[in-house]
There are 2 protein chains.
Amino acid sequence: MNATEVLEPIDRDLLCLLELPADLPEQLSIAEASELTGLTAHTLRYYERIGLLDVRRDAAGYRSYDERAMARIVFISRLRASGMPIGTISHYLELVLEGDHTAPQRLALMQEHRDRIQRQLRDLQLALAVTDYKITVYGGTAAP
Amino acid sequence: MNATEVLEPIDRDLLCLLELPADLPEQLSIAEASELTGLTAHTLRYYERIGLLDVRRDAAGYRSYDERAMARIVFISRLRASGMPIGTISHYLELVLEGDHTAPQRLALMQEHRDRIQRQLRDLQLALAVTDYKITVYGGTAAP
DNA sequence: CTTTGCCTTTGAGCGCACTCGAAGGCATAC
DNA sequence: GTATGCCTTCGAGTGCGCTCAAAGGCAAAG
């Protein structure tokens with residue numbers, strides 16, 4: 001392995017799914033990254049500290065987020081938003097580092113997570129039904 | 001107010017939405033209530049302690065859950081499952097106790113909650129897309 | 001009568017995911 | 001220069017929602 005680390009190319013399909021803006025600057029400050037992802041600067045530093053992220057510094061020692069970093073942040077926040085615990089995300093990212101032979105484990109992990117998401121979707125539909133019912137009872141307009 | 005408290009009739013439409021089994025026993029032990037709702041006995045006691053629930057005791061001093069209690073538990077668990085904080089649920093239940101004149105506040109509260117649920121549904125769809133994408137990448141069958 | 005097992009109460013403890021504070025560095029404005 | 005404001009690190013603190021432990025009561029089984 002030479003000094004400039006060999007990086008996998010960014011997965012353009014995934015990048016598209018993550019819905020980052022087309023006019024994304026090459027480098028973003030932590031404030032900009034925070035603004036764009038909806039995570040606080042505190043949380044971004046925290047994620048880095050616990051090893052979810054690996055962010056370069058500029059000349060002044062400030063964090064500088066590139067497209068790859070932003071993509072990872074959004075990816076992580078999607079998993080978090082769907083209830084994947086941080087420990088599981090860490091584990092998944094370690095599997096990625098370990099190489100292609102961990103693909104079956106990653107698959108299993110993601111299939112399990114999909115099941116969880118679908119359970120959550122069902123639960124939310126039940127909650128929505130109850131909430132909408134209460135809204136009609138209280139005289140509001142429930143169905144949009 | 002006389003000794004046998006005057007209770008509102010149970011809202012049959014709501015009860016139906018809550019999907020309690022048709023053959024619900026008149027009285028359930030905490031273990032049965034736990035089994036049926038998916039909440040632990042610990043959690044049921046906790047909810048009671050913080051004032052979300054008000055449960056009768058049998059001759060032995062054991063908790064005895066009737067249909068009304070079960071309906072409330074499921075209602076609360078639906079709200080919790082959709083991310084309503086316990087404090088907000090408490091507040092809502094207090095508004096109910098205060099009487100009909102709090103209906104507008106309850107309406108506002110539920111409308112806010114519906115917005116939250118819909119935001120969660122959108123977030124979950126995004127997470128599902130990413131998860132399904134990873135599943136296809138790893139060679140699994142993503143779309144069911 | 002004793003064992004077993006579920007129940008009671010109360011207070012304390014825990015895990016997670018942040019969230020904040022203190023002390024200090026860099027850089028642009030005045 | 002110095003003030004302003006965003007940035008740094010590191011350790012510690014917070015809030016929520018449970019979760020558990022201890023000490024003891026009730027009751028059916030053996």
# chains A, B, ... in the order shown; residues from 1 in each chain; ligands from 1
>>> interface_residues(of="chain B", to="chain A", cutoff="9 Å", atoms="only C-alpha atoms", output="ChimeraX atom specification")
/B:13-14,17-18,75,77-82,103-104,106-108,110-111,113-114,117-118,120-121,123-140,142
>>> write_last_selection(atoms="C-alpha atoms", output="compact mmCIF listing (two decimals), in the first residue's frame")
# COMPACT_ATOMS: atom_id res chain seq x y z
CA ASP B 13 -64.40 2.73 16.61
CA LEU B 14 -61.09 3.44 18.29
CA LEU B 17 -58.54 0.43 15.24
CA LEU B 18 -56.47 -0.81 18.14
CA PHE B 75 -53.11 3.36 22.24
CA SER B 77 -47.84 1.97 22.58
CA ARG B 78 -48.93 3.15 19.14
CA LEU B 79 -48.02 6.69 20.04
CA ARG B 80 -44.71 5.57 21.50
CA ALA B 81 -43.94 3.42 18.47
CA SER B 82 -44.38 6.49 16.33
CA ALA B 103 -60.24 19.52 22.28
CA PRO B 104 -58.53 22.22 20.21
CA ARG B 106 -55.59 17.89 21.52
CA LEU B 107 -56.31 18.43 17.86
CA ALA B 108 -53.19 20.56 17.45
CA MET B 110 -52.34 15.17 17.09
CA GLN B 111 -51.91 17.17 13.90
CA HIS B 113 -47.86 14.21 15.55
CA ARG B 114 -49.30 13.25 12.21
CA ILE B 117 -45.28 10.36 11.42
CA GLN B 118 -45.35 11.43 7.80
CA GLN B 120 -40.80 9.39 9.54
CA LEU B 121 -42.53 7.52 6.74
CA ASP B 123 -37.32 8.95 6.04
CA LEU B 124 -38.00 5.24 6.24
CA GLN B 125 -38.67 5.09 2.50
CA LEU B 126 -35.30 6.72 1.87
CA ALA B 127 -33.63 4.27 4.24
CA LEU B 128 -35.43 1.37 2.59
CA ALA B 129 -34.19 2.46 -0.82
CA VAL B 130 -30.59 2.54 0.39
CA THR B 131 -30.95 -0.78 2.20
CA ASP B 132 -32.54 -2.47 -0.80
CA TYR B 133 -29.79 -1.06 -2.98
CA LYS B 134 -27.13 -2.60 -0.75
CA ILE B 135 -28.99 -5.90 -0.75
CA THR B 136 -28.95 -6.02 -4.55
CA VAL B 137 -25.26 -5.06 -4.57
CA TYR B 138 -24.48 -7.93 -2.23
CA GLY B 139 -26.40 -10.28 -4.42
CA GLY B 140 -29.51 -10.84 -2.40
CA ALA B 142 -34.07 -6.99 -2.57
>>> residues_around(residues="segment 4-15 of chain C", least_positions_apart="3", cutoff="10 Å", atoms="only C-alpha atoms (C1' of nucleotides)", output="JSON list (two decimals) with N, CA and C atoms (P, O5', C5', C4', C3', O3' and C1' of nucleotides), in the first residue's frame")
[["chain", "number", "residue", "atom", "x", "y", "z"],
["B", 29, "SER", "N", -54.04, -10.66, 33.82],
["B", 29, "SER", "CA", -52.91, -10.43, 34.72],
["B", 29, "SER", "C", -51.87, -9.59, 33.99],
["B", 30, "ILE", "N", -50.88, -9.14, 34.74],
["B", 30, "ILE", "CA", -49.84, -8.33, 34.11],
["B", 30, "ILE", "C", -49.08, -9.15, 33.08],
["B", 31, "ALA", "N", -48.90, -10.46, 33.35],
["B", 31, "ALA", "CA", -48.20, -11.31, 32.39],
["B", 31, "ALA", "C", -48.99, -11.42, 31.09],
["B", 60, "ALA", "N", -56.04, -10.09, 45.73],
["B", 60, "ALA", "CA", -54.69, -10.33, 46.23],
["B", 60, "ALA", "C", -53.76, -9.13, 46.07],
["B", 61, "GLY", "N", -54.31, -8.02, 45.52],
["B", 61, "GLY", "CA", -53.47, -6.86, 45.30],
["B", 61, "GLY", "C", -52.74, -6.90, 43.97],
["B", 62, "TYR", "N", -53.06, -7.90, 43.14],
["B", 62, "TYR", "CA", -52.42, -8.01, 41.83],
["B", 62, "TYR", "C", -53.11, -7.09, 40.84],
["B", 63, "ARG", "N", -52.35, -6.60, 39.87],
["B", 63, "ARG", "CA", -52.94, -5.77, 38.83],
["B", 63, "ARG", "C", -53.91, -6.60, 37.99],
["D", 18, "DC", "P", -40.14, 2.91, 26.72],
["D", 18, "DC", "O5'", -40.27, 2.51, 28.27],
["D", 18, "DC", "C5'", -39.76, 1.28, 28.74],
["D", 18, "DC", "C4'", -38.25, 1.24, 28.67],
["D", 18, "DC", "C3'", -37.65, -0.05, 29.17],
["D", 18, "DC", "O3'", -36.60, -0.46, 28.30],
["D", 18, "DC", "C1'", -36.73, 1.75, 30.36],
["D", 19, "DT", "P", -36.33, -2.01, 28.13],
["D", 19, "DT", "O5'", -35.69, -2.44, 29.55],
["D", 19, "DT", "C5'", -34.31, -2.22, 29.78],
["D", 19, "DT", "C4'", -33.96, -2.59, 31.21],
["D", 19, "DT", "C3'", -34.55, -3.91, 31.71],
["D", 19, "DT", "O3'", -33.46, -4.79, 31.88],
["D", 19, "DT", "C1'", -34.65, -2.19, 33.37],
["D", 20, "DC", "P", -33.60, -6.28, 32.39],
["D", 20, "DC", "O5'", -33.09, -6.12, 33.89],
["D", 20, "DC", "C5'", -32.10, -5.14, 34.17],
["D", 20, "DC", "C4'", -31.92, -4.97, 35.65],
["D", 20, "DC", "C3'", -32.20, -6.21, 36.48],
["D", 20, "DC", "O3'", -31.06, -6.44, 37.28],
["D", 20, "DC", "C1'", -33.33, -4.31, 37.38],
["D", 21, "DA", "P", -30.93, -7.79, 38.09],
["D", 21, "DA", "O5'", -30.97, -7.23, 39.58],
["D", 21, "DA", "C5'", -30.55, -5.89, 39.85],
["D", 21, "DA", "C4'", -30.64, -5.62, 41.33],
["D", 21, "DA", "C3'", -30.76, -6.87, 42.19],
["D", 21, "DA", "O3'", -30.10, -6.63, 43.42],
["D", 21, "DA", "C1'", -32.74, -5.56, 42.38],
["D", 22, "DA", "P", -29.97, -7.82, 44.47],
["D", 22, "DA", "O5'", -30.92, -7.30, 45.65],
["D", 22, "DA", "C5'", -30.93, -5.90, 45.97],
["D", 22, "DA", "C4'", -31.97, -5.63, 47.03],
["D", 22, "DA", "C3'", -32.19, -6.79, 48.00],
["D", 22, "DA", "O3'", -32.43, -6.26, 49.30],
["D", 22, "DA", "C1'", -34.21, -6.28, 46.90],
["D", 23, "DA", "P", -32.35, -7.25, 50.54],
["D", 23, "DA", "O5'", -33.84, -7.20, 51.07],
["D", 23, "DA", "C5'", -34.54, -5.94, 51.13],
["D", 23, "DA", "C4'", -36.02, -6.23, 51.33],
["D", 23, "DA", "C3'", -36.28, -7.51, 52.15],
["D", 23, "DA", "O3'", -37.32, -7.25, 53.07],
["D", 23, "DA", "C1'", -37.41, -7.61, 50.11],
["D", 24, "DG", "P", -37.65, -8.38, 54.18],
["D", 24, "DG", "O5'", -39.14, -8.76, 53.78],
["D", 24, "DG", "C5'", -40.05, -7.72, 53.47],
["D", 24, "DG", "C4'", -41.09, -8.26, 52.56],
["D", 24, "DG", "C3'", -41.83, -9.52, 53.03],
["D", 24, "DG", "O3'", -43.17, -9.18, 53.33],
["D", 24, "DG", "C1'", -41.43, -9.51, 50.73],
["D", 25, "DG", "P", -44.09, -10.25, 53.98],
["D", 25, "DG", "O5'", -45.28, -10.37, 52.91],
["D", 25, "DG", "C5'", -45.97, -9.18, 52.52],
["D", 25, "DG", "C4'", -47.00, -9.55, 51.46],
["D", 25, "DG", "C3'", -47.92, -10.70, 51.85],
["D", 25, "DG", "O3'", -49.21, -10.45, 51.27],
["D", 25, "DG", "C1'", -46.72, -11.31, 49.91],
["D", 26, "DC", "P", -50.47, -11.20, 51.75],
["D", 26, "DC", "O5'", -50.75, -12.22, 50.56],
["D", 26, "DC", "C5'", -51.41, -11.74, 49.38],
["D", 26, "DC", "C4'", -51.45, -12.84, 48.36],
["D", 26, "DC", "C3'", -52.27, -14.08, 48.74],
["D", 26, "DC", "O3'", -53.16, -14.33, 47.68],
["D", 26, "DC", "C1'", -50.12, -14.71, 47.96],
["D", 27, "DA", "P", -54.45, -15.20, 47.92],
["D", 27, "DA", "O5'", -54.06, -16.54, 47.15],
["D", 27, "DA", "C5'", -53.45, -16.46, 45.86],
["D", 27, "DA", "C4'", -53.06, -17.84, 45.41],
["D", 27, "DA", "C3'", -53.81, -18.97, 46.10],
["D", 27, "DA", "O3'", -53.89, -20.06, 45.19],
["D", 27, "DA", "C1'", -51.57, -19.27, 46.49],
["D", 28, "DA", "P", -55.32, -20.63, 44.78],
["D", 28, "DA", "O5'", -54.93, -21.91, 43.91],
["D", 28, "DA", "C5'", -54.22, -21.74, 42.70],
["D", 28, "DA", "C4'", -53.10, -22.75, 42.60],
["D", 28, "DA", "C3'", -53.53, -24.20, 42.84],
["D", 28, "DA", "O3'", -52.93, -25.02, 41.84],
["D", 28, "DA", "C1'", -51.69, -23.65, 44.23],
["D", 29, "DA", "P", -52.96, -26.60, 41.96],
["D", 29, "DA", "O5'", -51.47, -26.90, 42.44],
["D", 29, "DA", "C5'", -50.37, -26.63, 41.55],
["D", 29, "DA", "C4'", -49.20, -27.52, 41.91],
["D", 29, "DA", "C3'", -49.55, -29.01, 42.05],
["D", 29, "DA", "O3'", -48.44, -29.78, 41.59],
["D", 29, "DA", "C1'", -48.81, -28.16, 44.16]]
>>> closest_atom_pairs(of="chain B", to="chain D", cutoff="12 Å", atoms="only C-alpha atoms (C1' of nucleotides)", output="tab-separated table")
residue	atom	partner	partner_atom	distance
B:Leu39	CA	D:DC18	C1'	10.8
B:Thr40	CA	D:DT19	C1'	9.8
B:Ala41	CA	D:DT19	C1'	10.5
B:His42	CA	D:DT19	C1'	7.2
B:Thr43	CA	D:DC18	C1'	6.8
B:Leu44	CA	D:DC18	C1'	10.4
B:Arg45	CA	D:DC18	C1'	10.8
B:Tyr46	CA	D:DC18	C1'	8.1
B:Tyr47	CA	D:DC18	C1'	9.9
B:Ile50	CA	D:DG17	C1'	11.7
B:Asp58	CA	D:DC26	C1'	11.6
B:Ala59	CA	D:DC26	C1'	10.0
B:Ala60	CA	D:DC26	C1'	6.6
B:Gly61	CA	D:DC26	C1'	8.9
B:Tyr62	CA	D:DC26	C1'	9.4
B:Arg80	CA	D:DG17	C1'	10.4
B:Gly83	CA	D:DG17	C1'	11.7
B:Met84	CA	D:DC16	C1'	11.9
B:Pro85	CA	D:DC16	C1'	8.6
B:Ile86	CA	D:DG17	C1'	8.5
B:Gly87	CA	D:DC16	C1'	10.1
>>> atom_distance(atom1="atom CA of Gln27 of chain B", atom2="atom CA of Ser64 of chain B")
5.7 Å
>>> interface_residues(of="chain C", to="chain A", cutoff="10 Å", atoms="only C-alpha atoms (C1' of nucleotides)", output="ChimeraX atom specification")
/C:16-20,25-27
>>> select_by_dssp(residues="segment 52-129 of chain B", states="strand (DSSP E or B)", output="PyMOL selection string")
chain B and resi 56-57+63-65
>>> atom_distance(atom1="atom CA of His91 of chain B", atom2="atom CA of Met70 of chain B")
19.7 Å
>>> atom_distance(atom1="atom CA of Pro25 of chain A", atom2="atom CA of Ile89 of chain A")
26.6 Å
>>> select_by_dssp(residues="segment 12-126 of chain B", states="alpha helix (DSSP H)", output="number ranges by chain")
B: 12-17, 30-37, 41-49, 67-81, 86-98, 103-126
